[in-house]
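Pasting input-v8.pdb here (PDB, C-alpha atoms and all ligand atoms):
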ATOM      1  CA  MET U  24     -19.752 201.488-103.048
ATOM      2  CA  ILE U  25     -18.115 198.853-105.246
ATOM      3  CA  GLU U  26     -17.117 200.552-108.442
ATOM      4  CA  PHE U  27     -15.918 198.742-111.566
ATOM      5  CA  ARG U  28     -13.831 201.539-113.048
ATOM      6  CA  LYS U  29     -12.699 201.544-116.660
ATOM      7  CA  VAL U  30     -10.601 204.216-118.392
ATOM      8  CA  MET U  31      -9.888 204.440-122.135
ATOM      9  CA  LYS U  32      -6.534 205.839-123.270
ATOM     10  CA  ASN U  33      -5.385 205.558-126.908
ATOM     11  CA  GLN U  34      -7.778 202.668-127.624
ATOM     12  CA  VAL U  35      -6.448 200.817-124.582
ATOM     13  CA  GLU U  36      -8.910 199.860-121.869
ATOM     14  CA  TYR U  37      -7.581 200.153-118.288
ATOM     15  CA  ARG U  38      -9.777 198.156-115.919
ATOM     16  CA  PHE U  39      -9.360 198.543-112.163
ATOM     17  CA  ASP U  40      -9.982 195.957-109.481
ATOM     18  CA  PRO U  41     -12.564 197.533-107.179
ATOM     19  CA  LEU U  42     -10.861 196.246-104.035
ATOM     20  CA  THR U  43      -7.129 196.515-104.710
ATOM     21  CA  GLU U  44      -7.055 199.126-107.521
ATOM     22  CA  GLU U  45      -4.791 196.795-109.491
ATOM     23  CA  GLN U  46      -5.165 197.351-113.198
ATOM     24  CA  SER U  47      -5.379 195.149-116.237
ATOM     25  CA  ARG U  48      -5.034 196.483-119.762
ATOM     26  CA  ILE U  49      -6.937 195.318-122.775
ATOM     27  CA  ASN U  50      -6.516 196.439-126.342
ATOM     28  CA  PRO U  51      -9.360 194.857-128.342
ATOM     29  CA  ALA U  52      -7.502 195.518-131.613
ATOM     30  CA  ARG U  53      -4.751 193.098-130.576
ATOM     31  CA  ALA U  54      -7.109 190.174-131.192
ATOM     32  CA  LYS U  55      -6.770 190.875-134.916
ATOM     33  CA  ARG U  56      -2.963 191.048-135.040
ATOM     34  CA  PHE U  57      -0.789 188.547-136.855
ATOM     35  CA  LYS U  58       0.586 185.855-134.561
ATOM     36  CA  GLN U  59       3.698 184.078-135.735
ATOM     37  CA  ALA U  60       3.464 181.305-133.159
ATOM     38  CA  GLU U  61       0.102 180.133-134.429
ATOM     39  CA  SER U  62       0.823 180.357-138.110
ATOM     40  CA  ASP U  63       2.117 176.858-138.822
ATOM     41  CA  ILE U  64       0.190 174.653-136.453
ATOM     42  CA  SER U  65      -3.526 174.903-135.999
ATOM     43  CA  LEU U  66      -5.255 174.686-132.666
ATOM     44  CA  LYS U  67      -7.080 171.616-133.910
ATOM     45  CA  GLU U  68      -3.771 169.887-134.521
ATOM     46  CA  VAL U  69      -2.476 170.776-131.033
ATOM     47  CA  ILE U  70      -5.654 169.339-129.514
ATOM     48  CA  ASN U  71      -5.527 166.128-131.552
ATOM     49  CA  ARG U  72      -1.816 165.474-130.986
ATOM     50  CA  SER U  73      -2.022 166.070-127.253
ATOM     51  CA  ARG U  74      -5.025 163.755-126.906
ATOM     52  CA  GLU U  75      -2.943 160.706-127.894
ATOM     53  CA  THR U  76      -0.589 160.981-124.921
ATOM     54  CA  CYS U  77      -2.854 162.729-122.406
ATOM     55  CA  VAL U  78      -2.723 161.139-118.943
ATOM     56  CA  PHE U  79      -5.699 163.250-117.823
ATOM     57  CA  CYS U  80      -8.046 161.439-120.246
ATOM     58  CA  PRO U  81     -10.312 158.829-118.577
ATOM     59  CA  GLU U  82      -8.609 155.798-120.179
ATOM     60  CA  LYS U  83      -5.146 156.736-118.819
ATOM     61  CA  ILE U  84      -5.867 158.511-115.570
ATOM     62  CA  GLU U  85      -6.109 155.343-113.427
ATOM     63  CA  GLY U  86      -2.827 153.863-114.555
ATOM     64  CA  GLN U  87      -0.720 156.969-114.965
ATOM     65  CA  THR U  88      -1.481 159.464-112.221
ATOM     66  CA  PRO U  89      -0.306 159.304-108.590
ATOM     67  CA  LYS U  90      -2.493 158.659-105.562
ATOM     68  CA  PHE U  91      -2.892 160.367-102.196
ATOM     69  CA  PRO U  92      -1.821 158.537 -99.049
ATOM     70  CA  GLU U  93      -4.740 156.870 -97.246
ATOM     71  CA  GLY U  94      -4.822 159.616 -94.615
ATOM     72  CA  ILE U  95      -5.851 162.162 -97.258
ATOM     73  CA  HIS U  96      -8.236 159.931 -99.201
ATOM     74  CA  LYS U  97      -8.826 156.242 -98.756
ATOM     75  CA  GLU U  98      -9.260 155.493-102.472
ATOM     76  CA  GLY U  99      -6.230 157.563-103.452
ATOM     77  CA  ARG U 100      -8.069 159.894-105.835
ATOM     78  CA  ILE U 101     -11.010 162.148-105.034
ATOM     79  CA  LYS U 102     -13.797 161.735-107.587
ATOM     80  CA  PHE U 103     -16.994 163.704-107.946
ATOM     81  CA  GLY U 104     -18.980 163.938-111.202
ATOM     82  CA  GLU U 105     -16.348 164.364-113.932
ATOM     83  CA  THR U 106     -13.806 165.744-111.461
ATOM     84  CA  VAL U 107     -10.807 163.648-110.415
ATOM     85  CA  ILE U 108      -8.273 165.066-107.926
ATOM     86  CA  PHE U 109      -4.821 163.545-107.342
ATOM     87  CA  PRO U 110      -1.358 164.759-106.239
ATOM     88  CA  ASN U 111       0.638 166.990-108.586
ATOM     89  CA  LEU U 112       3.735 165.119-109.795
ATOM     90  CA  ASN U 113       5.647 168.386-110.156
ATOM     91  CA  PRO U 114       4.477 170.481-107.222
ATOM     92  CA  PHE U 115       5.310 174.158-106.809
ATOM     93  CA  GLY U 116       3.774 174.416-103.370
ATOM     94  CA  GLU U 117       2.645 172.653-100.212
ATOM     95  CA  HIS U 118      -0.115 170.020-100.579
ATOM     96  CA  HIS U 119      -0.314 170.621-104.302
ATOM     97  CA  ALA U 120      -2.979 168.648-106.186
ATOM     98  CA  VAL U 121      -4.384 168.607-109.711
ATOM     99  CA  GLY U 122      -8.144 168.567-110.309
ATOM    100  CA  ILE U 123      -9.401 167.392-113.707
ATOM    101  CA  LEU U 124     -12.500 169.400-114.665
ATOM    102  CA  SER U 125     -14.001 167.311-117.460
ATOM    103  CA  ALA U 126     -13.879 163.820-118.949
ATOM    104  CA  GLY U 127     -13.485 165.488-122.350
ATOM    105  CA  HIS U 128      -9.925 166.208-123.492
ATOM    106  CA  PHE U 129     -10.826 169.599-124.935
ATOM    107  CA  LEU U 130     -13.820 171.828-124.344
ATOM    108  CA  ASP U 131     -14.517 175.055-126.133
ATOM    109  CA  LEU U 132     -15.393 177.944-123.820
ATOM    110  CA  ASP U 133     -19.144 177.483-124.374
ATOM    111  CA  GLU U 134     -18.924 173.756-123.617
ATOM    112  CA  PHE U 135     -18.051 174.158-119.942
ATOM    113  CA  LYS U 136     -21.122 173.348-117.870
ATOM    114  CA  VAL U 137     -22.058 174.757-114.482
ATOM    115  CA  TYR U 138     -22.018 171.272-112.924
ATOM    116  CA  MET U 139     -18.373 170.763-113.955
ATOM    117  CA  LEU U 140     -17.251 173.817-112.009
ATOM    118  CA  ARG U 141     -19.617 173.105-109.119
ATOM    119  CA  ASP U 142     -18.454 169.487-108.755
ATOM    120  CA  ASN U 143     -14.822 170.531-109.039
ATOM    121  CA  LEU U 144     -15.209 173.194-106.346
ATOM    122  CA  VAL U 145     -17.031 170.770-104.022
ATOM    123  CA  ALA U 146     -14.358 168.081-104.530
ATOM    124  CA  SER U 147     -11.595 170.676-104.077
ATOM    125  CA  LYS U 148     -13.180 171.815-100.825
ATOM    126  CA  ASN U 149     -13.238 168.193 -99.637
ATOM    127  CA  TYR U 150      -9.554 167.843-100.524
ATOM    128  CA  ILE U 151      -8.695 171.068 -98.689
ATOM    129  CA  LEU U 152     -10.612 169.989 -95.554
ATOM    130  CA  SER U 153      -8.996 166.583 -95.638
ATOM    131  CA  VAL U 154      -5.487 168.087 -95.917
ATOM    132  CA  HIS U 155      -6.250 170.440 -93.051
ATOM    133  CA  ALA U 156      -7.523 167.601 -90.856
ATOM    134  CA  HIS U 157      -4.225 165.831 -91.551
ATOM    135  CA  ASP U 158      -1.958 168.880 -91.219
ATOM    136  CA  GLN U 159      -3.349 171.577 -88.919
ATOM    137  CA  GLU U 160      -0.855 174.114 -90.210
ATOM    138  CA  ALA U 161      -2.207 173.897 -93.760
ATOM    139  CA  THR U 162      -4.815 176.654 -93.538
ATOM    140  CA  TRP U 163      -4.609 178.668 -96.768
ATOM    141  CA  PRO U 164      -6.330 177.144 -99.773
ATOM    142  CA  ILE U 165      -5.628 178.212-103.356
ATOM    143  CA  TRP U 166      -7.627 177.144-106.435
ATOM    144  CA  VAL U 167      -6.071 178.179-109.750
ATOM    145  CA  TRP U 168      -7.353 177.619-113.249
ATOM    146  CA  ASN U 169      -5.296 178.398-116.349
ATOM    147  CA  PHE U 170      -6.861 177.260-119.595
ATOM    148  CA  MET U 171      -4.864 176.743-122.810
ATOM    149  CA  PRO U 172      -1.267 177.801-123.627
ATOM    150  CA  PRO U 173      -1.878 181.589-123.888
ATOM    151  CA  SER U 174      -2.709 181.552-120.153
ATOM    152  CA  ALA U 175       0.319 179.354-119.359
ATOM    153  CA  GLY U 176      -1.784 176.188-119.237
ATOM    154  CA  SER U 177       0.717 173.668-120.595
ATOM    155  CA  ILE U 178      -1.762 170.770-120.684
ATOM    156  CA  ILE U 179      -4.788 171.095-122.959
ATOM    157  CA  HIS U 180      -7.105 168.847-120.901
ATOM    158  CA  PRO U 181      -9.172 171.157-118.612
ATOM    159  CA  HIS U 182      -7.747 171.031-115.080
ATOM    160  CA  VAL U 183      -7.149 173.197-112.028
ATOM    161  CA  GLN U 184      -4.388 173.413-109.414
ATOM    162  CA  ILE U 185      -5.272 173.147-105.744
ATOM    163  CA  LEU U 186      -2.821 174.039-102.986
ATOM    164  CA  VAL U 187      -3.155 174.205 -99.215
ATOM    165  CA  GLU U 188      -0.349 176.200 -97.623
ATOM    166  CA  LYS U 189       0.879 177.313 -94.212
ATOM    167  CA  ASP U 190       0.928 180.989 -95.196
ATOM    168  CA  PRO U 191      -1.209 183.037 -97.554
ATOM    169  CA  VAL U 192       0.406 183.629-100.967
ATOM    170  CA  PRO U 193       1.178 187.337-101.612
ATOM    171  CA  GLN U 194      -1.986 188.042-103.610
ATOM    172  CA  GLN U 195      -4.120 186.338-100.966
ATOM    173  CA  ALA U 196      -2.405 188.352 -98.214
ATOM    174  CA  LYS U 197      -3.128 191.513-100.166
ATOM    175  CA  LEU U 198      -6.826 190.621-100.565
ATOM    176  CA  LEU U 199      -7.063 189.967 -96.831
ATOM    177  CA  ARG U 200      -5.412 193.294 -96.033
ATOM    178  CA  GLU U 201      -7.610 195.239 -98.459
ATOM    179  CA  SER U 202     -10.771 193.395 -97.337
ATOM    180  CA  LYS U 203     -10.043 194.397 -93.768
ATOM    181  CA  ARG U 204      -9.477 197.991 -94.803
ATOM    182  CA  TYR U 205     -12.739 197.950 -96.793
ATOM    183  CA  PHE U 206     -14.609 196.616 -93.762
ATOM    184  CA  GLU U 207     -13.139 199.271 -91.491
ATOM    185  CA  VAL U 208     -14.208 202.037 -93.857
ATOM    186  CA  ASN U 209     -17.631 200.680 -94.895
ATOM    187  CA  ARG U 210     -18.624 198.385 -91.974
ATOM    188  CA  LYS U 211     -19.598 195.816 -94.609
ATOM    189  CA  ASN U 212     -18.043 192.607 -95.856
ATOM    190  CA  TYR U 213     -16.631 193.285 -99.343
ATOM    191  CA  TRP U 214     -17.165 189.688-100.418
TER     192      TRP U 214
HETATM  193 ZN    ZN C   1      -6.958 164.470-122.098
END

Take the structure in this file and express it as structure tokens.
Ligand SMILES: [Zn+2]
Amino acid sequence: MIEFRKVMKNQVEYRFDPLTEEQSRINPARAKRFKQAESDISLKEVINRSRETCVFCPEKIEGQTPKFPEGIHKEGRIKFGETVIFPNLNPFGEHHAVGILSAGHFLDLDEFKVYMLRDNLVASKNYILSVHAHDQEATWPIWVWNFMPPSAGSIIHPHVQILVEKDPVPQQAKLLRESKRYFEVNRKNYW
């Protein structure tokens, strides 16, 4: 009943979300194209330069990141495994926190371990529950992970954004709507 549809047109792959029918397009040949932006500074250099001033690294995090009020967490920062969660200094939402994923400043894709994601999700859940206990109207959690500049991650150090809002964000509202429709048609929980 859940179909992962993929259509090829002129070497472009159109992939469809099985619930919402939204599409993403992938052209594998683009990976080989010349990129002007990356031509003069290597990734290695970006990683090394950013490490020197990174406030998400373990030696700076204590002194240079904000703390939650006691009502949210009595020690100010939520820690679990390598995860550390604290308020976002430049929020773009309600109850907006940052969750560091690893003690390491940079991890290659194959260096992320299951426990890092598990611990981060558990700690994020604790943050979300704590916010909700404090503010009954904050009912809609969001957990976002952008990694590295091509995905709009402006800080190299692996981290996620956690928000708890009064209303579902548009994409969340859409998933709820489509999930309900799926249930009505199939009498089964999509998720
Ligand atoms: Zn760092």

Exercise. Suppose you want the space between CA of Ala196 in chain U and CA of Pro164 in chain U; what is it in Å?
Worked result: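 Distance between the two atoms: 12.0 Å.
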
Problem set entry | Residues in the PyMOL selection byres (((chain U and resi 134-151) around 10) and not hetatm), expressed as a ChimeraX atom specification | /U:95-96,100-109,118,120-127,129-133,152-157,161-166,181-188

Problem set entry | Protein and nucleic acid residues within 10 Å of ligand ZN 1 (chain C) (only C-alpha atoms and all ligand atoms) as an MDAnalysis selection string | chainID U and resid 70:71 73:84 123 125:129 178:182

With 3 Å added on each side, what axis-aligned box encloses every listed atom of range 97-113 of chain U? Give the centre and edge lengths in Å to one decimal, as lines of an AutoDock Vina configuration file.
center_x = -6.7
center_y = 161.9
center_z = -106.3
size_x = 30.6
size_y = 18.9
size_z = 21.2

For this session: Enumerate, as a ChimeraX atom specification, the residues matched when the PyMOL selection byres (((chain U and resi 206-214) around 10) and not hetatm) is run on the file above.
Result: /U:24-25,41-42,201-205

Seminar exercise, completed: Of U:Arg72, U:Lys55, U:Arg48, U:Lys197, the one sitting nearest Asn33 in chain U when using only C-alpha atoms is U:Arg48

Problem set entry | Contacts of Pro89 in chain U at 8 Å (only C-alpha atoms; same-chain gap of 4+ positions) as a PyMOL selection string | chain U and resi 109-112

Exercise. Hey, what comes out of the PyMOL selection byres (((chain U and resi 28) around 12) and not hetatm) on this file? Could you write it as a list in words?
Worked result: Met24, Ile25, Glu26, Phe27, Lys29, Val30, Met31, Glu36, Tyr37, Arg38, Phe39, Asp40, Pro41, Leu42, Thr43, Glu44, Glu45, Gln46 and Ser47 of chain U

Exercise. What is the distance between CA of Gly116 in chain U and CA of Glu160 in chain U, in Å to one decimal?
Worked result: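 Separation of CA of Gly116 in chain U and CA of Glu160 in chain U: 14.0 Å.
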
Exercise. Which distance in Å separates CA of Val69 in chain U and CA of Thr88 in chain U, to one decimal?
Worked result: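 Rounded to one decimal, the two atoms are 22.0 Å apart.
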